[in-house]
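Right, one structure below, let's go through it.
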Amino acid sequence: MRRRQEDTSRGTSVTPSRRRRVAAGRDAKAKSRAAFDRQAPEYDSTGYGRHARRLHADVMAAVDAFAFADVLDVGCGTGATLEAILKAHPHTRARGIDLSAKMVELAQARLGDRARVEVADAEHLPAGDAFVDLVVCVDSFHHYPAPAAALAEMARVIRPGGRLVIGEWRVSGPLRPLMNWLLPRLPEGDVRIYSGTELTQLVEAAGFDVERCEAAGVRGQLLIARR
């Protein structure tokens with residue numbers, strides 16, 4: 001039997017399968033970072049950001065139904081969603097994070113002193129516990145190699161009674177398994193497209209009450225959950 005190697009820095013055993021998962025996660029993040037750095041200047045005007053733009057109306061309809069003082073956009077991209085939220089709710093304290101430095105640069109230029117935007121990982125959100133009333137995540141979740149860890153962080157920073165809004169791809173039928181086989185082999189950093197059931201189960205496992213998960217935009221889905 002192959003012995004597990006000890007990770008002495010953490011005092012835990014690391015199996016070969018775990019090392020492969022960690023390496024795959026790092027690879028996905030590196031690919032996502034490089035892809036979005038490259039796409040950033042054209043994201044708002046080309047096909048790169050088309051799916052996110054088609055989710056915009058449904059995301060804003062959901063957001064406008066809530067009362068909130070603080071919002072965090074996880075995977076904020078060029079800041080378009082935060083800009084729309086601040087236009088509709090100008091007194092909101094707004095923050096955004098993205099893995100791509102180029103996206104963060106554009107978002108901060110767009111939002112100015114109305115929001116704080118920084119480079120960060122969804123698995124390690126730069127915010128305290130119970131820090132915001134609302135977290136939005138639009139067209140970003142399918143890039144996360146550790147979705148449960150990202151959702152645990154979102155649950156940590158949302159105050160009790162706060163909301164989570166996720167806008168994502170929706171691919172039905174036999175095409176989704178084929179896409180999920182193909183996506184990790186492509187250079188864009190996509191990891192997995194989730195069914196509505198899979199997304200709901202992940203969010204509920206993180207301690208949220210899912211209020212609804214439904215079709216949105218064009219080939220998209222919208223999940224709304226309460227902390």
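Going by the structure tokens order, chains are called A, B, ..., each with residues numbered from 1, while ligands are numbered from 1 in the order shown.
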
When DSSP works through the backbone of this structure, what residues of range 1-211 of chain A end up as alpha helix (DSSP H), shown as a PyMOL selection string? chain A and resi 16-39+50-63+80-88+101-111+147-157+175-182+196-205

Residues within 12 Å of Ala155 in chain A, only C-alpha atoms, excluding chain neighbours under 2 positions, as a PyMOL selection string: chain A and resi 72+122-125+127-136+148-153+157-165+202-209+225-227

From the options A:Leu82, A:Ile166, A:Met179, A:Ala109, which residue's atoms come nearest to Cys137 in chain A, counting only C-alpha atoms?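 Under the stated criterion, the closest residue is A:Ile166.
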
DSSP on the backbone, strand (DSSP E) only: what residues of range 34-163 of chain A does that give? Format it as a list in words.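 Selecting the strand (DSSP E) positions of range 34-163 of chain A gives Asp70, Val71, Leu72, Asp73, Val74, Arg93, Ala94, Arg95, Gly96, Ile97, Asp98, Ala115, Arg116, Val117, Glu118, Val119, Val132, Asp133, Leu134, Val135, Val136, Cys137, Val138, Ile158, Arg159, Pro160, Gly161, Gly162 and Arg163 of chain A.
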
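Reported to one decimal place, the separation of CA of Asp44 in chain A from CA of Asp58 in chain A is 17.7 Å.
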
For Ala35 in chain A, find every residue with an atom within 12 Å (counting only C-alpha atoms), except residues of its own chain fewer than 5 positions away, and show them as a list of chain:residue names.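 Everything that qualifies: A:Ala28, A:Lys29, A:Ala30, A:Ala40, A:Pro41, A:Glu42, A:Tyr43, A:Tyr48, A:Gly77, A:Leu99, A:Ser100, A:Ala101, A:Lys102, A:Met103, A:His143, A:Leu186, A:Pro187, A:Glu188, A:Gly189, A:Asp190.
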
Take the residues just selected and output them with N, CA and C atoms as a PDB file, in the first residue's frame.
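What follows is the written file selection_35.pdb:
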```
ATOM      1  N   ALA A  28      -6.616  25.786 -12.997  1.00  0.00           N
ATOM      2  CA  ALA A  28      -7.849  26.458 -13.427  1.00  0.00           C
ATOM      3  C   ALA A  28      -7.798  27.937 -13.088  1.00  0.00           C
ATOM      4  N   LYS A  29      -7.300  28.266 -11.905  1.00  0.00           N
ATOM      5  CA  LYS A  29      -7.219  29.675 -11.507  1.00  0.00           C
ATOM      6  C   LYS A  29      -6.223  30.431 -12.378  1.00  0.00           C
ATOM      7  N   ALA A  30      -5.089  29.807 -12.674  1.00  0.00           N
ATOM      8  CA  ALA A  30      -4.092  30.457 -13.524  1.00  0.00           C
ATOM      9  C   ALA A  30      -4.663  30.702 -14.919  1.00  0.00           C
ATOM     10  N   ALA A  40     -10.199  41.463 -20.756  1.00  0.00           N
ATOM     11  CA  ALA A  40     -10.713  42.630 -20.033  1.00  0.00           C
ATOM     12  C   ALA A  40     -11.000  43.844 -20.920  1.00  0.00           C
ATOM     13  N   PRO A  41     -10.086  44.278 -21.797  1.00  0.00           N
ATOM     14  CA  PRO A  41     -10.361  45.504 -22.563  1.00  0.00           C
ATOM     15  C   PRO A  41     -11.578  45.405 -23.483  1.00  0.00           C
ATOM     16  N   GLU A  42     -11.943  44.181 -23.888  1.00  0.00           N
ATOM     17  CA  GLU A  42     -13.051  43.994 -24.821  1.00  0.00           C
ATOM     18  C   GLU A  42     -14.270  43.323 -24.197  1.00  0.00           C
ATOM     19  N   TYR A  43     -14.204  43.051 -22.903  1.00  0.00           N
ATOM     20  CA  TYR A  43     -15.224  42.213 -22.277  1.00  0.00           C
ATOM     21  C   TYR A  43     -16.632  42.797 -22.386  1.00  0.00           C
ATOM     22  N   TYR A  48     -17.252  37.994 -25.351  1.00  0.00           N
ATOM     23  CA  TYR A  48     -16.712  37.518 -24.077  1.00  0.00           C
ATOM     24  C   TYR A  48     -17.694  37.758 -22.929  1.00  0.00           C
ATOM     25  N   GLY A  77     -15.566  41.296 -12.352  1.00  0.00           N
ATOM     26  CA  GLY A  77     -15.215  41.660 -13.717  1.00  0.00           C
ATOM     27  C   GLY A  77     -14.932  43.141 -13.862  1.00  0.00           C
ATOM     28  N   LEU A  99     -10.264  37.757  -9.593  1.00  0.00           N
ATOM     29  CA  LEU A  99      -8.944  37.127  -9.670  1.00  0.00           C
ATOM     30  C   LEU A  99      -8.039  37.842 -10.673  1.00  0.00           C
ATOM     31  N   SER A 100      -8.646  38.543 -11.623  1.00  0.00           N
ATOM     32  CA  SER A 100      -7.913  39.201 -12.697  1.00  0.00           C
ATOM     33  C   SER A 100      -7.562  40.647 -12.332  1.00  0.00           C
ATOM     34  N   ALA A 101      -6.282  40.954 -12.324  1.00  0.00           N
ATOM     35  CA  ALA A 101      -5.847  42.316 -12.028  1.00  0.00           C
ATOM     36  C   ALA A 101      -6.318  43.305 -13.093  1.00  0.00           C
ATOM     37  N   LYS A 102      -6.376  42.863 -14.335  1.00  0.00           N
ATOM     38  CA  LYS A 102      -6.833  43.748 -15.409  1.00  0.00           C
ATOM     39  C   LYS A 102      -8.313  44.080 -15.250  1.00  0.00           C
ATOM     40  N   MET A 103      -9.111  43.101 -14.859  1.00  0.00           N
ATOM     41  CA  MET A 103     -10.531  43.359 -14.608  1.00  0.00           C
ATOM     42  C   MET A 103     -10.697  44.330 -13.435  1.00  0.00           C
ATOM     43  N   HIS A 143     -16.178  28.971 -12.807  1.00  0.00           N
ATOM     44  CA  HIS A 143     -14.715  28.989 -12.848  1.00  0.00           C
ATOM     45  C   HIS A 143     -14.092  28.501 -11.547  1.00  0.00           C
ATOM     46  N   LEU A 186      -9.889  23.182 -21.934  1.00  0.00           N
ATOM     47  CA  LEU A 186      -9.779  24.417 -22.701  1.00  0.00           C
ATOM     48  C   LEU A 186      -8.978  25.464 -21.923  1.00  0.00           C
ATOM     49  N   PRO A 187      -8.524  26.521 -22.587  1.00  0.00           N
ATOM     50  CA  PRO A 187      -7.614  27.470 -21.941  1.00  0.00           C
ATOM     51  C   PRO A 187      -8.277  28.599 -21.158  1.00  0.00           C
ATOM     52  N   GLU A 188      -9.614  28.583 -21.009  1.00  0.00           N
ATOM     53  CA  GLU A 188     -10.294  29.724 -20.398  1.00  0.00           C
ATOM     54  C   GLU A 188     -10.469  29.614 -18.890  1.00  0.00           C
ATOM     55  N   GLY A 189     -10.179  28.454 -18.320  1.00  0.00           N
ATOM     56  CA  GLY A 189     -10.305  28.298 -16.876  1.00  0.00           C
ATOM     57  C   GLY A 189     -11.676  27.890 -16.378  1.00  0.00           C
ATOM     58  N   ASP A 190     -12.603  27.573 -17.297  1.00  0.00           N
ATOM     59  CA  ASP A 190     -13.914  27.075 -16.870  1.00  0.00           C
ATOM     60  C   ASP A 190     -13.746  25.704 -16.231  1.00  0.00           C
TER      61      ASP A 190
END
```

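Among the candidates A:Val138, A:Leu86, A:Leu106, A:Leu223, the residue lying nearest to Arg50 in chain A is A:Val138 (atoms considered: only C-alpha atoms).
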
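Compared by their closest atoms to Glu214 in chain A, and using only C-alpha atoms, the residues A:Val74, A:Ala62, A:Val104, A:Ala34 rank with A:Ala62 nearest.
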
What's around Val171 in chain A at 8 Å? Count only C-alpha atoms, leave out sequence neighbours fewer than 5 positions away in its own chain, and write the answer as a PyMOL selection string. chain A and resi 176+193-195+219-220

So that I can check the surroundings of Arg54 in chain A, please list as a PyMOL selection string every protein, DNA and RNA residue that reaches within 12 Å of it, counting only C-alpha atoms and ignoring chain neighbours fewer than 5 positions away. chain A and resi 44+47-49+59-60+81+138-139+167-169+215-222
